[in-house]
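Below: one structure, written as structure tokens.
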Amino acid sequence: MTSSLRIRIEESTDRAAIRAIHAAAFGGNAEADLVDRLRADGDLTLSLVACASDDVVGHIAFSPLALADCPSVKACALAPVAVLPPFQNRGIGAALIEDALQRLADADMDLVLVLGEPDYYGDFSFRVEAAEGLKTPYDGPYLQALPLSENGRTASGPVVYARAFAELT
Ligand SMILES: CC(C)(COP(=O)(O)OP(=O)(O)OC[C@H]1O[C@@H](n2cnc3c(N)ncnc32)[C@H](O)[C@@H]1OP(=O)(O)O)[C@@H](O)C(=O)NCCC(=O)NCCS
């Protein structure tokens, strides 16, 4: 990992850098727009940046999920996560995910969902099988869940994502 890496909550002065990270990493504005919409809607459960020296080089966002059949389950979605291309493959993405999951566990989150490569997210204990009882707009081989509590382990039924996901292009 980059030796001087620091992970912290996003600040308002980070917004342009966060947009630039997603645009460069994904090669388009859809994810940057998603983050801005989540923020505007008050739907950023957790938003962390990774700083190498004074530069913001990575970002991860989480937003709330509503489980109609299990209203006591505190759940959120990991999306998006990105690292500036020249800084990729140095452990910064992993550091962001691990730091965020620890903060969510400390905040008594029950369940985290992610849509992405099982090979990557499996390293952080996300499992496709753990999402099988849930019904989301993203069901399939890339949807994975990480229960953080017994309440999260037994969660099932329909899942509603934050409004900004419906506006994803
Ligand atoms: C995915 C991403 C955030 C990972 O950040 P990172 O700092 O490069 O990742 P790390 O250094 O922690 O981990 C690197 C490892 O992840 C693997 N990896 C990276 N992206 C991957 C992907 N999309 N699918 C599978 N494996 C992936 C690398 O091959 C590498 O594997 P290795 O350690 O076995 O060599 C970053 O590559 C990125 O911004 N990618 C473009 C945006 C994106 O696809 N975001 C995720 C959407 S689900």
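Lettering and numbering for the structure tokens are positional, with chains as A, B, ... in the shown order, residues counted from 1 in each chain, and ligands counted from 1 in the shown order.
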
Show me which residues are within 10 Å of ligand 1 counting only C-alpha atoms and all ligand atoms, and format the list as a ChimeraX atom specification. /A:1-2,21-27,31,50,57-60,78-98,114-123,142

Suppose we keep N, CA and C atoms; can you now write the selection as a CSV table (one decimal), in the first residue's frame?
```
chain,number,residue,atom,x,y,z
A,1,MET,N,0.8,-1.2,0.0
A,1,MET,CA,0.0,0.0,0.0
A,1,MET,C,0.9,1.2,0.0
A,2,THR,N,0.4,2.4,-0.6
A,2,THR,CA,1.1,3.6,-0.6
A,2,THR,C,1.4,4.0,0.9
A,21,ILE,N,-12.0,11.7,-10.1
A,21,ILE,CA,-11.6,10.3,-9.9
A,21,ILE,C,-12.5,9.4,-10.6
A,22,HIS,N,-13.9,9.5,-10.5
A,22,HIS,CA,-14.8,8.6,-11.1
A,22,HIS,C,-14.8,8.8,-12.6
A,23,ALA,N,-14.7,10.0,-13.1
A,23,ALA,CA,-14.7,10.2,-14.6
A,23,ALA,C,-13.4,9.5,-15.2
A,24,ALA,N,-12.3,9.6,-14.5
A,24,ALA,CA,-11.1,9.0,-15.1
A,24,ALA,C,-11.1,7.5,-14.9
A,25,ALA,N,-11.6,7.0,-13.8
A,25,ALA,CA,-11.6,5.5,-13.5
A,25,ALA,C,-12.6,4.8,-14.4
A,26,PHE,N,-13.8,5.4,-14.5
A,26,PHE,CA,-14.9,4.7,-15.3
A,26,PHE,C,-14.9,5.2,-16.8
A,27,GLY,N,-14.2,6.2,-17.1
A,27,GLY,CA,-14.2,6.7,-18.5
A,27,GLY,C,-15.6,7.3,-18.9
A,31,GLU,N,-21.0,7.6,-13.0
A,31,GLU,CA,-20.7,7.4,-11.6
A,31,GLU,C,-20.5,8.7,-10.8
A,50,ALA,N,-9.5,8.7,-0.2
A,50,ALA,CA,-8.2,8.3,0.1
A,50,ALA,C,-7.2,9.4,-0.4
A,57,VAL,N,-7.0,10.7,-4.2
A,57,VAL,CA,-6.8,9.8,-5.3
A,57,VAL,C,-7.8,8.6,-5.3
A,58,GLY,N,-8.7,8.5,-4.3
A,58,GLY,CA,-9.7,7.5,-4.3
A,58,GLY,C,-10.9,7.9,-3.6
A,59,HIS,N,-12.0,7.2,-3.9
A,59,HIS,CA,-13.3,7.6,-3.3
A,59,HIS,C,-14.2,6.4,-3.2
A,60,ILE,N,-14.9,6.3,-2.1
A,60,ILE,CA,-15.9,5.2,-2.0
A,60,ILE,C,-17.2,5.8,-1.4
A,78,LEU,N,-22.8,-0.4,-1.5
A,78,LEU,CA,-21.5,0.1,-1.8
A,78,LEU,C,-21.5,0.5,-3.3
A,79,ALA,N,-21.4,1.8,-3.6
A,79,ALA,CA,-21.3,2.2,-5.0
A,79,ALA,C,-21.3,3.7,-5.1
A,80,PRO,N,-20.4,4.2,-5.9
A,80,PRO,CA,-19.3,3.5,-6.5
A,80,PRO,C,-18.0,3.6,-5.7
A,81,VAL,N,-17.0,2.8,-6.2
A,81,VAL,CA,-15.7,3.0,-5.6
A,81,VAL,C,-14.7,3.1,-6.8
A,82,ALA,N,-13.8,4.0,-6.7
A,82,ALA,CA,-12.8,4.2,-7.8
A,82,ALA,C,-11.5,4.8,-7.2
A,83,VAL,N,-10.5,4.5,-8.0
A,83,VAL,CA,-9.1,5.0,-7.7
A,83,VAL,C,-8.6,5.6,-9.0
A,84,LEU,N,-7.9,6.7,-8.9
A,84,LEU,CA,-7.3,7.3,-10.1
A,84,LEU,C,-6.4,6.3,-10.8
A,85,PRO,N,-6.5,6.2,-12.1
A,85,PRO,CA,-5.8,5.1,-12.8
A,85,PRO,C,-4.3,5.1,-12.4
A,86,PRO,N,-3.6,6.2,-12.3
A,86,PRO,CA,-2.1,6.0,-12.0
A,86,PRO,C,-1.9,5.5,-10.6
A,87,PHE,N,-2.9,5.5,-9.8
A,87,PHE,CA,-2.7,5.0,-8.4
A,87,PHE,C,-3.3,3.6,-8.1
A,88,GLN,N,-3.9,3.0,-9.2
A,88,GLN,CA,-4.5,1.7,-9.0
A,88,GLN,C,-3.5,0.6,-8.8
A,89,ASN,N,-4.0,-0.5,-8.3
A,89,ASN,CA,-3.1,-1.7,-8.0
A,89,ASN,C,-2.0,-1.4,-7.0
A,90,ARG,N,-2.3,-0.5,-6.0
A,90,ARG,CA,-1.4,-0.3,-4.9
A,90,ARG,C,-2.1,-0.5,-3.6
A,91,GLY,N,-3.3,-1.1,-3.7
A,91,GLY,CA,-4.0,-1.4,-2.4
A,91,GLY,C,-4.9,-0.3,-1.9
A,92,ILE,N,-5.0,0.7,-2.7
A,92,ILE,CA,-5.8,1.9,-2.2
A,92,ILE,C,-7.3,1.5,-2.2
A,93,GLY,N,-7.8,0.8,-3.3
A,93,GLY,CA,-9.2,0.4,-3.3
A,93,GLY,C,-9.5,-0.5,-2.1
A,94,ALA,N,-8.6,-1.5,-1.8
A,94,ALA,CA,-8.8,-2.4,-0.7
A,94,ALA,C,-8.8,-1.6,0.6
A,95,ALA,N,-7.9,-0.6,0.8
A,95,ALA,CA,-7.8,0.2,2.0
A,95,ALA,C,-9.1,0.9,2.2
A,96,LEU,N,-9.7,1.5,1.1
A,96,LEU,CA,-10.9,2.2,1.2
A,96,LEU,C,-12.1,1.3,1.6
A,97,ILE,N,-12.1,0.1,1.0
A,97,ILE,CA,-13.2,-0.8,1.3
A,97,ILE,C,-13.1,-1.3,2.8
A,98,GLU,N,-11.9,-1.7,3.2
A,98,GLU,CA,-11.7,-2.2,4.6
A,98,GLU,C,-12.0,-1.1,5.6
A,114,VAL,N,-23.2,-5.1,-2.8
A,114,VAL,CA,-22.4,-4.5,-3.8
A,114,VAL,C,-22.7,-5.2,-5.1
A,115,LEU,N,-22.6,-4.5,-6.2
A,115,LEU,CA,-22.7,-5.0,-7.5
A,115,LEU,C,-21.3,-4.9,-8.2
A,116,GLY,N,-20.7,-6.1,-8.5
A,116,GLY,CA,-19.3,-6.0,-9.0
A,116,GLY,C,-18.7,-7.3,-9.2
A,117,GLU,N,-17.4,-7.3,-9.5
A,117,GLU,CA,-16.7,-8.6,-9.7
A,117,GLU,C,-16.6,-9.4,-8.4
A,118,PRO,N,-17.1,-10.6,-8.4
A,118,PRO,CA,-17.0,-11.5,-7.2
A,118,PRO,C,-15.5,-11.7,-6.8
A,119,ASP,N,-14.7,-11.8,-7.9
A,119,ASP,CA,-13.2,-12.1,-7.6
A,119,ASP,C,-12.6,-11.0,-6.8
A,120,TYR,N,-13.1,-9.7,-7.0
A,120,TYR,CA,-12.5,-8.6,-6.2
A,120,TYR,C,-13.2,-8.5,-4.9
A,121,TYR,N,-14.5,-8.5,-4.9
A,121,TYR,CA,-15.2,-8.2,-3.6
A,121,TYR,C,-15.2,-9.4,-2.7
A,122,GLY,N,-15.0,-10.6,-3.2
A,122,GLY,CA,-14.9,-11.8,-2.4
A,122,GLY,C,-13.8,-11.7,-1.4
A,123,ASP,N,-12.7,-10.9,-1.7
A,123,ASP,CA,-11.6,-10.7,-0.8
A,123,ASP,C,-12.0,-10.0,0.5
A,142,TYR,N,-23.5,-10.9,-10.3
A,142,TYR,CA,-22.6,-9.8,-9.8
A,142,TYR,C,-23.1,-9.2,-8.5
```

Among the residues of chain A, find those DSSP assigns to alpha helix (DSSP H) from the backbone and print them as a PyMOL selection string. chain A and resi 15-26+30-40+92-106+118-121+150-153+163-166

Would you mind writing down, as a count of residues only, each residue of segment 23-130 of chain A that DSSP on the backbone assigns to strand (DSSP E or B)? 35

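Among A:Asp36, A:Leu48, A:Asn29, A:Arg153, the residue with the shortest atom-to-atom distance to Glu10 of chain A, counting only C-alpha atoms, is A:Leu48.
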
How far is it from atom CA of Pro64 of chain A to atom CA of Arg37 of chain A, in Å with one decimal? 13.3 Å

Using only C-alpha atoms: which of A:Ala61, A:Ile18, A:Val56, A:Leu134 has the shortest distance to Leu101 of chain A: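 Among A:Ala61, A:Ile18, A:Val56, A:Leu134, it is A:Ala61 that comes nearest to Leu101 of chain A.
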